[in-house]
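> What follows is final14.txt, compact mmCIF, C-alpha atoms (C1' of nucleotides).
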```txt
# COMPACT_ATOMS: atom_id res chain seq x y z
CA MET A 6 -25.33 -4.27 -1.39
CA ALA A 7 -22.95 -1.39 -1.59
CA LEU A 8 -19.93 -2.10 0.49
CA GLU A 9 -17.68 0.80 0.93
CA HIS A 10 -14.45 -1.13 1.09
CA LEU A 11 -13.64 -3.62 -1.60
CA PHE A 12 -10.98 -6.27 -1.85
CA GLN A 13 -8.62 -5.73 -4.73
CA GLY A 14 -5.14 -6.55 -5.83
CA SER A 15 -3.14 -9.76 -5.84
CA ALA A 16 -0.29 -11.37 -3.94
CA LEU A 17 1.53 -14.65 -3.71
CA ASN A 18 2.61 -15.80 -0.26
CA ALA A 19 4.36 -18.85 1.12
CA VAL A 20 2.66 -21.49 3.24
CA ASP A 21 5.18 -22.71 5.80
CA ALA A 22 5.64 -26.13 7.37
CA LYS A 23 3.13 -25.33 10.08
CA GLY A 24 0.48 -24.40 7.55
CA ARG A 25 0.82 -20.69 8.24
CA VAL A 26 0.29 -17.99 5.60
CA SER A 27 0.46 -14.23 5.78
CA VAL A 28 -2.78 -12.64 4.69
CA PRO A 29 -1.55 -9.74 2.54
CA ALA A 30 -1.61 -6.48 4.43
CA PHE A 31 -3.80 -4.74 1.85
CA LEU A 32 -6.52 -7.34 2.34
CA ARG A 33 -6.27 -7.12 6.11
CA GLY A 34 -6.73 -3.40 5.76
CA VAL A 35 -10.10 -3.90 4.08
CA ILE A 36 -11.17 -6.47 6.66
CA GLU A 37 -10.40 -4.11 9.49
CA ARG A 38 -12.10 -1.19 7.84
CA ARG A 39 -15.26 -3.22 7.24
CA GLY A 40 -15.54 -4.32 10.84
CA ASP A 41 -13.08 -4.51 13.62
CA ALA A 42 -12.42 -8.21 13.55
CA ARG A 43 -8.99 -9.62 12.94
CA THR A 44 -10.51 -12.72 11.51
CA ILE A 45 -11.33 -14.19 8.12
CA VAL A 46 -13.96 -16.67 7.06
CA LEU A 47 -12.88 -19.42 4.67
CA ALA A 48 -15.07 -21.56 2.45
CA LYS A 49 -14.67 -23.69 -0.62
CA HIS A 50 -15.40 -21.59 -3.69
CA ASP A 51 -18.71 -22.42 -5.41
CA SER A 52 -17.29 -23.07 -8.81
CA PHE A 53 -13.50 -22.99 -8.67
CA PRO A 54 -10.98 -25.35 -7.08
CA ALA A 55 -10.02 -22.60 -4.66
CA LEU A 56 -11.05 -20.95 -1.43
CA SER A 57 -13.35 -18.04 -1.03
CA ALA A 58 -12.62 -15.69 1.85
CA TYR A 59 -14.17 -12.69 3.51
CA ASP A 60 -14.63 -10.92 6.81
CA PRO A 61 -17.18 -11.92 9.47
CA ALA A 62 -19.21 -8.77 8.86
CA TYR A 63 -19.72 -9.81 5.27
CA ALA A 64 -20.76 -13.31 6.35
CA ALA A 65 -23.43 -11.77 8.55
CA LEU A 66 -24.67 -9.65 5.66
CA MET A 67 -24.93 -12.66 3.39
CA HIS A 68 -26.82 -14.55 6.00
CA ALA A 69 -29.31 -11.73 6.42
CA LYS A 70 -29.79 -11.55 2.68
CA LEU A 71 -30.57 -15.25 2.42
CA GLU A 72 -33.00 -14.98 5.30
CA ARG A 73 -34.85 -12.22 3.57
CA LEU A 74 -35.10 -14.23 0.38
CA LEU A 75 -36.45 -17.20 2.30
CA GLU A 76 -39.15 -15.16 3.95
CA LYS A 77 -40.45 -13.75 0.73
CA GLU A 78 -43.67 -15.50 -0.14
CA GLU A 79 -43.17 -15.47 -3.87
CA THR A 80 -40.08 -17.56 -3.51
CA SER A 81 -40.69 -20.88 -5.22
CA ALA A 82 -40.11 -24.16 -3.49
CA THR A 83 -37.07 -24.96 -5.59
CA ALA A 84 -35.58 -21.55 -4.89
CA GLN A 85 -36.26 -22.07 -1.18
CA LEU A 86 -34.35 -25.28 -1.31
CA GLU A 87 -31.49 -23.62 -3.11
CA TYR A 88 -31.26 -20.88 -0.51
CA GLN A 89 -31.32 -23.44 2.30
CA GLN A 90 -28.44 -25.24 0.70
CA ARG A 91 -26.50 -22.07 0.13
CA ASN A 92 -27.00 -21.13 3.72
CA LEU A 93 -25.85 -24.53 4.86
CA MET A 94 -22.75 -24.30 2.73
CA ALA A 95 -22.02 -20.79 3.82
CA PHE A 96 -22.03 -21.66 7.48
CA ALA A 97 -21.51 -25.35 8.04
CA ALA A 98 -18.86 -25.67 5.37
CA SER A 99 -16.90 -22.62 6.35
CA GLU A 100 -14.37 -21.91 9.03
CA GLU A 101 -13.54 -18.71 10.79
CA VAL A 102 -9.87 -18.27 11.53
CA PRO A 103 -8.17 -15.42 13.37
CA TYR A 104 -4.93 -13.92 12.19
CA ASP A 105 -2.18 -13.13 14.65
CA SER A 106 -0.35 -9.92 15.30
CA SER A 107 1.89 -10.49 12.32
CA GLY A 108 -1.09 -11.06 10.06
CA ARG A 109 -0.82 -14.81 9.63
CA ILE A 110 -3.54 -17.43 9.69
CA VAL A 111 -3.14 -21.16 10.04
CA LEU A 112 -4.86 -22.79 7.09
CA PRO A 113 -7.16 -25.43 8.54
CA PRO A 114 -6.19 -28.80 7.00
CA MET A 115 -9.64 -29.39 5.60
CA MET A 116 -9.66 -26.06 3.82
CA ARG A 117 -6.20 -26.64 2.61
CA ARG A 118 -7.36 -29.87 1.04
CA LYS A 119 -10.53 -28.38 -0.41
CA GLY A 120 -8.60 -25.54 -1.96
CA GLY A 121 -5.84 -27.83 -3.17
CA ILE A 122 -3.33 -25.51 -1.58
CA GLU A 123 0.28 -26.57 -1.22
CA GLU A 124 3.32 -24.41 -0.54
CA LEU A 125 2.10 -21.26 -2.24
CA ALA A 126 -1.10 -19.29 -1.83
CA LEU A 127 -2.28 -16.85 -4.47
CA PHE A 128 -4.55 -14.16 -3.06
CA LEU A 129 -6.92 -12.43 -5.47
CA GLY A 130 -9.25 -9.60 -4.57
CA THR A 131 -12.70 -9.84 -6.15
CA GLY A 132 -14.55 -6.93 -4.60
CA GLU A 133 -16.84 -8.15 -1.90
CA THR A 134 -14.70 -11.19 -1.22
CA PHE A 135 -11.29 -12.52 -2.15
CA GLN A 136 -10.01 -15.87 -3.33
CA ILE A 137 -7.10 -18.06 -2.33
CA TRP A 138 -5.67 -20.35 -4.99
CA ASN A 139 -2.94 -22.84 -5.50
CA PRO A 140 -1.18 -20.94 -8.30
CA SER A 141 -0.65 -24.11 -10.34
CA LEU A 142 -4.34 -24.91 -10.31
CA PHE A 143 -5.05 -21.35 -11.31
CA LEU A 144 -2.76 -21.57 -14.31
CA LYS A 145 -4.31 -24.88 -15.32
CA ASP A 146 -7.93 -23.80 -15.17
CA ASP A 147 -9.53 -23.23 -18.57
CA ARG A 148 -12.08 -20.83 -17.19
CA VAL A 149 -9.47 -18.34 -16.01
CA PRO A 150 -8.85 -15.54 -18.53
CA GLU A 151 -5.35 -15.38 -19.94
CA ASP A 152 -4.79 -11.86 -18.63
CA MET A 153 -5.38 -13.13 -15.12
CA LYS A 154 -2.92 -15.91 -15.60
CA ASP A 155 -0.36 -13.29 -16.56
CA ILE A 156 -0.76 -11.84 -13.13
CA ALA A 157 -0.16 -15.21 -11.52
CA ARG A 158 2.91 -15.71 -13.69
CA TYR A 159 4.18 -12.31 -12.76
CA ARG A 160 3.80 -13.04 -9.07
CA LEU A 161 5.65 -16.31 -9.53
CA GLU A 162 8.51 -14.65 -11.39
CA GLU A 163 8.74 -11.99 -8.74
CA ARG A 164 9.68 -14.78 -6.38
CA GLY A 165 12.13 -16.29 -8.74
CA LEU A 166 9.81 -19.23 -9.38
CA GLY A 167 10.02 -19.08 -13.14
CA ALA A 168 6.74 -19.63 -14.97
CA MET B 15 -23.48 7.64 -15.02
CA ALA B 16 -23.09 11.37 -14.87
CA LEU B 17 -20.09 12.26 -12.76
CA GLU B 18 -19.90 15.82 -11.83
CA HIS B 19 -16.17 16.14 -11.89
CA LEU B 20 -14.24 15.03 -14.91
CA PHE B 21 -10.57 14.33 -15.43
CA GLN B 22 -9.01 16.54 -18.05
CA GLY B 23 -5.69 17.92 -19.06
CA SER B 24 -2.27 16.41 -19.51
CA ALA B 25 1.08 16.30 -17.76
CA LEU B 26 4.40 14.55 -18.00
CA ASN B 27 6.07 13.58 -14.73
CA ALA B 28 9.24 11.75 -13.77
CA VAL B 29 9.31 8.30 -12.21
CA ASP B 30 12.16 8.19 -9.71
CA ALA B 31 14.41 5.33 -8.69
CA LYS B 32 11.96 4.17 -6.06
CA GLY B 33 9.15 4.02 -8.59
CA ARG B 34 7.49 7.15 -7.28
CA VAL B 35 5.52 9.58 -9.47
CA SER B 36 3.65 12.72 -8.65
CA VAL B 37 0.02 12.50 -9.63
CA PRO B 38 -0.61 15.92 -11.23
CA ALA B 39 -2.35 18.25 -8.83
CA PHE B 40 -5.25 18.92 -11.21
CA LEU B 41 -6.10 15.21 -11.28
CA ARG B 42 -5.82 14.90 -7.52
CA GLY B 43 -8.26 17.77 -7.26
CA VAL B 44 -10.87 15.80 -9.19
CA ILE B 45 -10.27 12.69 -7.12
CA GLU B 46 -10.77 14.56 -3.90
CA ARG B 47 -13.88 16.31 -5.14
CA ARG B 48 -15.42 13.02 -6.22
CA GLY B 49 -14.90 11.35 -2.87
CA ASP B 50 -12.61 12.05 -0.02
CA ALA B 51 -10.05 9.37 -0.67
CA ARG B 52 -6.46 10.22 -1.33
CA THR B 53 -6.08 7.10 -3.34
CA ILE B 54 -6.15 6.00 -6.96
CA VAL B 55 -7.01 2.69 -8.55
CA LEU B 56 -4.72 1.46 -11.31
CA ALA B 57 -5.48 -1.14 -13.97
CA LYS B 58 -4.11 -2.17 -17.31
CA HIS B 59 -6.01 -0.36 -20.04
CA ASP B 60 -8.34 -2.63 -22.01
CA SER B 61 -6.97 -1.85 -25.41
CA PHE B 62 -3.88 0.33 -25.10
CA PRO B 63 -0.43 -0.47 -23.76
CA ALA B 64 -1.03 1.92 -20.90
CA LEU B 65 -2.65 2.17 -17.50
CA SER B 66 -6.15 3.26 -16.73
CA ALA B 67 -6.68 5.11 -13.47
CA TYR B 68 -9.57 6.39 -11.43
CA ASP B 69 -10.73 7.06 -7.90
CA PRO B 70 -12.15 4.41 -5.53
CA ALA B 71 -15.61 5.95 -5.70
CA TYR B 72 -15.68 5.31 -9.42
CA ALA B 73 -14.52 1.74 -8.88
CA ALA B 74 -17.36 1.17 -6.43
CA LEU B 75 -19.84 2.57 -8.95
CA MET B 76 -18.60 0.19 -11.61
CA HIS B 77 -18.90 -2.67 -9.19
CA ALA B 78 -22.47 -1.80 -8.26
CA LYS B 79 -23.33 -1.65 -11.93
CA LEU B 80 -22.02 -5.16 -12.48
CA GLU B 81 -23.93 -6.42 -9.48
CA ARG B 82 -27.18 -5.03 -10.78
CA LEU B 83 -26.58 -6.65 -14.13
CA LEU B 84 -26.05 -10.00 -12.52
CA GLU B 85 -29.21 -9.80 -10.50
CA LYS B 86 -31.30 -9.15 -13.59
CA GLU B 87 -29.79 -11.85 -15.71
CA GLU B 88 -30.75 -15.44 -15.42
CA THR B 89 -28.40 -17.20 -13.09
CA SER B 90 -27.38 -19.57 -15.83
CA ALA B 91 -24.04 -21.26 -15.47
CA THR B 92 -22.50 -19.23 -18.27
CA ALA B 93 -23.76 -15.96 -16.84
CA GLN B 94 -22.27 -16.87 -13.48
CA LEU B 95 -18.94 -17.68 -15.01
CA GLU B 96 -18.83 -14.46 -16.94
CA TYR B 97 -19.57 -12.59 -13.77
CA GLN B 98 -16.75 -14.36 -11.95
CA GLN B 99 -14.35 -13.53 -14.72
CA ARG B 100 -15.29 -9.90 -14.86
CA ASN B 101 -14.94 -9.60 -11.14
CA LEU B 102 -11.52 -11.13 -11.22
CA MET B 103 -10.40 -8.77 -13.93
CA ALA B 104 -11.94 -5.74 -12.31
CA PHE B 105 -10.47 -6.33 -8.87
CA ALA B 106 -7.62 -8.80 -8.90
CA ALA B 107 -6.09 -7.16 -11.94
CA SER B 108 -6.16 -3.73 -10.37
CA GLU B 109 -4.37 -2.14 -7.46
CA GLU B 110 -5.37 0.65 -5.16
CA VAL B 111 -2.51 2.93 -4.22
CA PRO B 112 -2.58 5.85 -1.83
CA TYR B 113 -0.75 9.06 -2.55
CA ASP B 114 1.21 10.79 0.15
CA SER B 115 1.04 14.32 1.39
CA SER B 116 3.15 15.50 -1.50
CA GLY B 117 0.82 13.83 -4.00
CA ARG B 118 3.03 10.94 -5.03
CA ILE B 119 2.15 7.32 -5.58
CA VAL B 120 4.49 4.38 -5.84
CA LEU B 121 3.85 2.62 -9.12
CA PRO B 122 3.50 -1.05 -8.23
CA PRO B 123 6.09 -3.03 -10.22
CA MET B 124 3.44 -5.17 -11.85
CA MET B 125 1.54 -2.15 -13.10
CA ARG B 126 4.72 -0.56 -14.24
CA ARG B 127 5.40 -3.60 -16.34
CA LYS B 128 1.87 -3.88 -17.69
CA GLY B 129 1.83 -0.24 -18.66
CA GLY B 130 5.34 -0.39 -20.09
CA ILE B 131 6.24 2.60 -17.99
CA GLU B 132 9.88 3.59 -17.59
CA GLU B 133 11.29 6.90 -16.37
CA LEU B 134 8.50 9.13 -17.61
CA ALA B 135 4.76 8.99 -17.08
CA LEU B 136 2.34 10.83 -19.33
CA PHE B 137 -0.98 11.59 -17.63
CA LEU B 138 -4.01 12.16 -19.83
CA GLY B 139 -7.45 13.06 -18.53
CA THR B 140 -10.25 11.26 -20.36
CA GLY B 141 -13.34 12.32 -18.43
CA GLU B 142 -14.48 9.60 -16.10
CA THR B 143 -10.99 8.16 -15.85
CA PHE B 144 -7.48 9.11 -16.82
CA GLN B 145 -4.63 7.25 -18.47
CA ILE B 146 -0.97 6.87 -17.69
CA TRP B 147 1.36 6.20 -20.61
CA ASN B 148 4.97 5.71 -21.38
CA PRO B 149 5.30 8.69 -23.72
CA SER B 150 7.37 6.72 -26.23
CA LEU B 151 4.70 4.06 -26.53
CA PHE B 152 2.15 6.79 -26.93
CA LEU B 153 4.03 8.35 -29.82
CA LYS B 154 4.51 4.97 -31.45
CA ASP B 155 0.89 3.87 -31.31
CA ASP B 156 -0.93 4.05 -34.65
CA ARG B 157 -4.29 4.42 -33.03
CA VAL B 158 -3.39 7.69 -31.34
CA PRO B 159 -4.48 10.77 -33.34
CA GLU B 160 -1.68 13.06 -34.46
CA ASP B 161 -3.10 15.98 -32.52
CA MET B 162 -2.80 14.02 -29.32
CA LYS B 163 0.77 13.13 -30.12
CA ASP B 164 1.49 16.83 -30.50
CA ILE B 165 0.50 17.26 -26.90
CA ALA B 166 2.91 14.56 -25.86
CA ARG B 167 5.66 16.12 -27.95
CA TYR B 168 4.99 19.47 -26.40
CA ARG B 169 5.26 18.03 -22.90
CA LEU B 170 8.51 16.37 -23.82
CA GLU B 171 10.01 19.56 -25.24
CA GLU B 172 8.93 21.43 -22.17
CA ARG B 173 11.31 19.21 -20.27
CA GLY B 174 14.06 19.61 -22.77
CA LEU B 175 13.59 16.04 -23.89
CA GLY B 176 13.38 16.74 -27.60
CA ALA B 177 10.93 14.47 -29.39
C1' DC C 12 4.60 -37.99 28.65
C1' DC C 13 4.20 -36.91 24.00
C1' DT C 14 2.05 -34.21 20.20
C1' DC C 15 -0.09 -30.60 18.25
C1' DT C 16 -1.02 -25.77 18.49
C1' DT C 17 -0.52 -21.10 19.80
C1' DC C 18 2.35 -17.39 21.15
C1' DC C 19 6.53 -14.68 21.02
C1' DC C 20 10.83 -13.07 19.26
C1' DA C 21 14.17 -12.38 15.38
C1' DT C 22 15.39 -10.70 10.82
C1' DG C 23 16.12 -8.83 6.22
C1' DA C 24 13.90 -6.71 2.72
C1' DA C 25 10.69 -3.67 1.10
C1' DT C 26 7.89 0.25 1.89
C1' DT C 27 6.39 4.50 3.91
C1' DC C 28 7.18 8.73 6.05
C1' DC C 29 9.45 13.01 6.77
C1' DC C 30 12.27 16.81 5.63
C1' DA C 31 14.53 19.62 2.11
C1' DT C 32 14.81 22.10 -2.33
C1' DG C 33 14.11 24.78 -6.46
C1' DA C 34 10.97 25.99 -9.92
C1' DA C 35 6.75 27.63 -11.16
C1' DA C 36 2.33 29.72 -10.25
C1' DT C 37 -0.48 32.82 -7.78
C1' DG C 38 -1.86 36.84 -5.50
C1' DG C 39 -1.37 41.42 -3.61
C1' DC C 40 -0.08 45.90 -3.97
C1' DA C 41 1.70 49.83 -5.61
C1' DT D 21 0.50 46.80 -15.30
C1' DG D 22 4.69 45.39 -13.44
C1' DC D 23 7.10 43.58 -9.40
C1' DC D 24 7.79 41.28 -5.18
C1' DA D 25 6.06 37.98 -1.64
C1' DT D 26 3.72 33.56 -0.85
C1' DT D 27 2.14 29.35 -1.85
C1' DT D 28 1.85 25.28 -4.45
C1' DC D 29 4.23 21.66 -7.04
C1' DA D 30 7.31 18.19 -8.43
C1' DT D 31 11.24 15.90 -6.96
C1' DG D 32 15.39 14.02 -4.20
C1' DG D 33 17.36 11.56 -0.24
C1' DG D 34 17.57 9.31 4.15
C1' DA D 35 15.41 7.59 8.39
C1' DA D 36 11.91 4.95 10.47
C1' DT D 37 8.36 1.54 10.02
C1' DT D 38 5.89 -2.31 8.19
C1' DC D 39 5.81 -6.77 6.06
C1' DA D 40 6.50 -11.55 5.19
C1' DT D 41 8.72 -15.26 7.03
C1' DG D 42 11.55 -18.48 10.04
C1' DG D 43 12.41 -20.68 14.41
C1' DG D 44 11.74 -21.82 19.05
C1' DA D 45 9.33 -21.77 23.68
C1' DA D 46 5.23 -22.18 26.21
C1' DG D 47 0.74 -24.24 26.70
C1' DA D 48 -3.34 -27.40 25.89
C1' DG D 49 -5.14 -31.90 25.11
C1' DG D 50 -5.01 -36.76 24.79
```
Rewrite the structure from the file as structure tokens, please.


Amino acid sequence: MALEHLFQGSALNAVDAKGRVSVPAFLRGVIERRGDARTIVLAKHDSFPALSAYDPAYAALMHAKLERLLEKEETSATAQLEYQQRNLMAFAASEEVPYDSSGRIVLPPMMRRKGGIEELALFLGTGETFQIWNPSLFLKDDRVPEDMKDIARYRLEERGLGA
Amino acid sequence: MALEHLFQGSALNAVDAKGRVSVPAFLRGVIERRGDARTIVLAKHDSFPALSAYDPAYAALMHAKLERLLEKEETSATAQLEYQQRNLMAFAASEEVPYDSSGRIVLPPMMRRKGGIEELALFLGTGETFQIWNPSLFLKDDRVPEDMKDIARYRLEERGLGA
DNA sequence: CCTCTTCCCATGAATTCCCATGAAATGGCA
DNA sequence: TGCCATTTCATGGGAATTCATGGGAAGAGG
């Protein structure tokens, strides 16, 4: 898996009363260079109380990869089961949402709940995918390195929302 | 990892009111020989109060290396977490910035803060990557060899900014 | 007929692009 | 080997564009 275009950088955007959020332009750029969709796929993150997001082209790639693993004969029964579940999660438990001409998506209510997202959305590039966090949950999570929290704090300050 | 083109040399450039800095031409040359991007990736340096910079191709290489590591390792919970953390640091804590036709980048405010960079930026080639320092911090740092500081002093004098 | 959603327009701030300049470096040519 | 002509660089300033965000109108569904 060597994707040419990787998601990186961070941004903190507002979620308005209608549940709309701007997807940062630098992330949209990657999405549009990877494929030509103006769409993102949202899913609950495996291990964090946040959302995982990526472009449809990446979703297709992941699907193909899982398929290949399933077809391998050496794959053990338990591994098979795990792949099945992953596949189920990746597709059934995800939603594809388009962004409009100004780059905004409407956060589907279920995703908003699963990601614990309120009035602010913290976008974090992680290479192949990116994450969307409620900044408060991010700052609370023990597993998040302190240096990363600094970034979140910086983004909050930038908006005049003191740490 | 044997990159053909290495970053070397030093330069001291001004940061203007808009946060713009010229990336020295000799560094841009290396970037463009390594790939064809006109873009650099900035990150806080691991151990110094400075920025670390490189080209997107190098970033992709690093990413691929991490991926390979993960696939070898057991997918234990701790290994997974470590992977997540590294990915966050490597991508969310970095920013990719393009340089314009005159070779300038805009230092993102967050990076400027993290690198402690004010009105002057000291560029130092270090082979696979290069560093960007606030020259005063560079001269203050105990870990920097005296010979290196001489280079910084020379660059400052060159500009009539006596040490 | 009412509600929820999608589309469209408005706006201020931030960012990018373009042009201009002088200094320095390079190259050519005598 | 010395001098002049070009080109490349770093840098400034202003104009034009993009971005994030708010609000309202139009449309779909119950």

> Which residue is closest to A:Leu125? Choose from A:Glu9, A:Glu162, A:Glu37, A:Asp21 and count only C-alpha atoms.

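Closest candidate: A:Asp21.
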
> Per residue of chain C within 10 Å of chain A, note the shortest atom pair and the distance in Å to one decimal, counting only C-alpha atoms (C1' of nucleotides), and order the rows by chain and increasing residue number, as CSV.


```
residue,atom,partner,partner_atom,distance
C:DT16,C1',A:Lys23,CA,9.4
C:DT17,C1',A:Asp105,CA,9.6
C:DC18,C1',A:Asp105,CA,9.0
```

> Put chain B on top of chain A with a least-squares fit on all C-alpha atoms, paired in order, and send it back as a compact mmCIF listing (two decimals) with C-alpha atoms, in the coordinates of the input.


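Ended up saving to superposed-v5.txt:
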```txt
# COMPACT_ATOMS: atom_id res chain seq x y z
CA MET B 15 -24.72 -3.86 -1.98
CA ALA B 16 -22.23 -1.06 -2.20
CA LEU B 17 -19.28 -1.78 0.04
CA GLU B 18 -17.06 1.11 0.59
CA HIS B 19 -13.84 -0.79 0.80
CA LEU B 20 -12.90 -3.20 -1.91
CA PHE B 21 -10.32 -5.95 -2.05
CA GLN B 22 -7.76 -5.42 -4.75
CA GLY B 23 -4.25 -6.35 -5.63
CA SER B 24 -2.34 -9.60 -5.63
CA ALA B 25 0.31 -11.38 -3.61
CA LEU B 26 2.00 -14.73 -3.39
CA ASN B 27 2.78 -16.03 0.09
CA ALA B 28 4.29 -19.20 1.50
CA VAL B 29 2.34 -21.81 3.43
CA ASP B 30 4.58 -23.20 6.15
CA ALA B 31 4.75 -26.67 7.65
CA LYS B 32 2.07 -25.84 10.18
CA GLY B 33 -0.29 -24.68 7.46
CA ARG B 34 0.17 -21.03 8.29
CA VAL B 35 -0.01 -18.23 5.69
CA SER B 36 0.29 -14.51 6.01
CA VAL B 37 -2.79 -12.73 4.77
CA PRO B 38 -1.31 -9.83 2.76
CA ALA B 39 -1.38 -6.62 4.74
CA PHE B 40 -3.34 -4.74 2.07
CA LEU B 41 -6.19 -7.25 2.34
CA ARG B 42 -6.16 -7.15 6.12
CA GLY B 43 -6.48 -3.40 5.86
CA VAL B 44 -9.74 -3.75 3.95
CA ILE B 45 -11.06 -6.32 6.39
CA GLU B 46 -10.40 -4.09 9.33
CA ARG B 47 -11.91 -1.05 7.66
CA ARG B 48 -15.07 -2.97 6.82
CA GLY B 49 -15.63 -4.16 10.36
CA ASP B 50 -13.37 -4.52 13.30
CA ALA B 51 -12.84 -8.25 13.15
CA ARG B 52 -9.42 -9.72 12.70
CA THR B 53 -10.92 -12.72 11.08
CA ILE B 54 -11.60 -14.06 7.61
CA VAL B 55 -14.22 -16.45 6.32
CA LEU B 56 -13.06 -19.14 3.91
CA ALA B 57 -15.18 -21.16 1.49
CA LYS B 58 -14.65 -23.23 -1.60
CA HIS B 59 -15.13 -21.05 -4.65
CA ASP B 60 -18.34 -21.81 -6.55
CA SER B 61 -16.75 -22.43 -9.89
CA PHE B 62 -12.97 -22.40 -9.57
CA PRO B 63 -10.64 -24.85 -7.87
CA ALA B 64 -9.75 -22.19 -5.34
CA LEU B 65 -10.93 -20.60 -2.13
CA SER B 66 -13.15 -17.60 -1.78
CA ALA B 67 -12.52 -15.36 1.21
CA TYR B 68 -14.14 -12.39 2.86
CA ASP B 69 -14.71 -10.70 6.19
CA PRO B 70 -17.41 -11.70 8.70
CA ALA B 71 -19.33 -8.49 8.08
CA TYR B 72 -19.75 -9.47 4.46
CA ALA B 73 -20.88 -12.94 5.48
CA ALA B 74 -23.53 -11.44 7.73
CA LEU B 75 -24.73 -9.22 4.88
CA MET B 76 -25.09 -12.22 2.61
CA HIS B 77 -27.01 -14.02 5.29
CA ALA B 78 -29.41 -11.14 5.82
CA LYS B 79 -30.01 -11.02 2.10
CA LEU B 80 -30.98 -14.68 2.04
CA GLU B 81 -33.28 -14.19 4.99
CA ARG B 82 -35.11 -11.38 3.29
CA LEU B 83 -35.55 -13.48 0.19
CA LEU B 84 -37.07 -16.27 2.19
CA GLU B 85 -39.53 -14.02 3.91
CA LYS B 86 -40.84 -12.71 0.61
CA GLU B 87 -41.18 -16.05 -1.08
CA GLU B 88 -44.04 -18.35 -0.48
CA THR B 89 -43.16 -20.81 2.21
CA SER B 90 -43.70 -23.68 -0.16
CA ALA B 91 -41.97 -26.91 0.65
CA THR B 92 -39.52 -26.54 -2.22
CA ALA B 93 -38.65 -22.98 -1.26
CA GLN B 94 -37.98 -24.12 2.29
CA LEU B 95 -35.74 -26.90 1.14
CA GLU B 96 -33.77 -24.62 -1.11
CA TYR B 97 -33.30 -22.26 1.77
CA GLN B 98 -32.04 -25.06 3.99
CA GLN B 99 -29.59 -26.15 1.36
CA ARG B 100 -28.25 -22.70 0.75
CA ASN B 101 -27.80 -22.16 4.43
CA LEU B 102 -25.91 -25.37 4.80
CA MET B 103 -23.61 -24.48 1.95
CA ALA B 104 -23.11 -20.93 3.10
CA PHE B 105 -22.27 -21.78 6.69
CA ALA B 106 -21.39 -25.42 7.16
CA ALA B 107 -19.18 -25.39 4.10
CA SER B 108 -17.25 -22.37 5.28
CA GLU B 109 -14.88 -21.72 8.14
CA GLU B 110 -14.08 -18.58 10.03
CA VAL B 111 -10.43 -18.26 10.95
CA PRO B 112 -8.80 -15.54 13.00
CA TYR B 113 -5.45 -14.10 12.09
CA ASP B 114 -2.86 -13.47 14.74
CA SER B 115 -0.95 -10.36 15.57
CA SER B 116 1.47 -11.01 12.75
CA GLY B 117 -1.39 -11.36 10.27
CA ARG B 118 -1.27 -15.10 9.74
CA ILE B 119 -4.08 -17.59 9.51
CA VAL B 120 -3.89 -21.34 9.77
CA LEU B 121 -5.42 -22.84 6.65
CA PRO B 122 -7.84 -25.47 7.90
CA PRO B 123 -6.87 -28.83 6.36
CA MET B 124 -10.27 -29.25 4.76
CA MET B 125 -10.05 -25.89 3.04
CA ARG B 126 -6.54 -26.60 2.00
CA ARG B 127 -7.74 -29.72 0.30
CA LYS B 128 -10.77 -28.10 -1.30
CA GLY B 129 -8.68 -25.27 -2.65
CA GLY B 130 -5.91 -27.61 -3.77
CA ILE B 131 -3.45 -25.43 -1.94
CA GLU B 132 0.09 -26.67 -1.35
CA GLU B 133 3.15 -24.65 -0.38
CA LEU B 134 2.18 -21.41 -2.08
CA ALA B 135 -0.94 -19.30 -1.85
CA LEU B 136 -1.83 -16.73 -4.47
CA PHE B 137 -4.10 -13.98 -3.14
CA LEU B 138 -6.23 -12.07 -5.63
CA GLY B 139 -8.51 -9.19 -4.73
CA THR B 140 -11.82 -9.28 -6.57
CA GLY B 141 -13.73 -6.38 -5.03
CA GLU B 142 -16.25 -7.61 -2.52
CA THR B 143 -14.25 -10.74 -1.83
CA PHE B 144 -10.83 -12.13 -2.61
CA GLN B 145 -9.59 -15.49 -3.81
CA ILE B 146 -6.84 -17.80 -2.69
CA TRP B 147 -5.32 -20.07 -5.32
CA ASN B 148 -2.66 -22.65 -5.73
CA PRO B 149 -0.65 -20.75 -8.35
CA SER B 150 -0.10 -23.88 -10.45
CA LEU B 151 -3.82 -24.53 -10.68
CA PHE B 152 -4.30 -20.91 -11.58
CA LEU B 153 -1.86 -21.13 -14.46
CA LYS B 154 -3.42 -24.35 -15.67
CA ASP B 155 -7.01 -23.14 -15.71
CA ASP B 156 -8.37 -22.40 -19.19
CA ARG B 157 -10.90 -19.94 -17.90
CA VAL B 158 -8.27 -17.60 -16.50
CA PRO B 159 -7.36 -14.76 -18.91
CA GLU B 160 -3.75 -14.67 -20.03
CA ASP B 161 -3.21 -11.24 -18.54
CA MET B 162 -4.12 -12.56 -15.14
CA LYS B 163 -1.73 -15.44 -15.54
CA ASP B 164 1.01 -12.92 -16.26
CA ILE B 165 0.44 -11.51 -12.82
CA ALA B 166 0.82 -14.94 -11.30
CA ARG B 167 3.98 -15.54 -13.31
CA TYR B 168 5.37 -12.25 -12.19
CA ARG B 169 4.74 -13.09 -8.55
CA LEU B 170 6.43 -16.42 -9.01
CA GLU B 171 9.51 -14.90 -10.64
CA GLU B 172 9.70 -12.36 -7.89
CA ARG B 173 10.34 -15.26 -5.57
CA GLY B 174 12.82 -16.86 -7.87
CA LEU B 175 10.37 -19.62 -8.63
CA GLY B 176 10.62 -19.44 -12.40
CA ALA B 177 7.31 -20.10 -14.13
```

> Specify as a VMD selection string all residues of chain B found within 6 Å of chain A, counting only C-alpha atoms.

chain B and resid 101 to 102 105 to 106 108 to 109
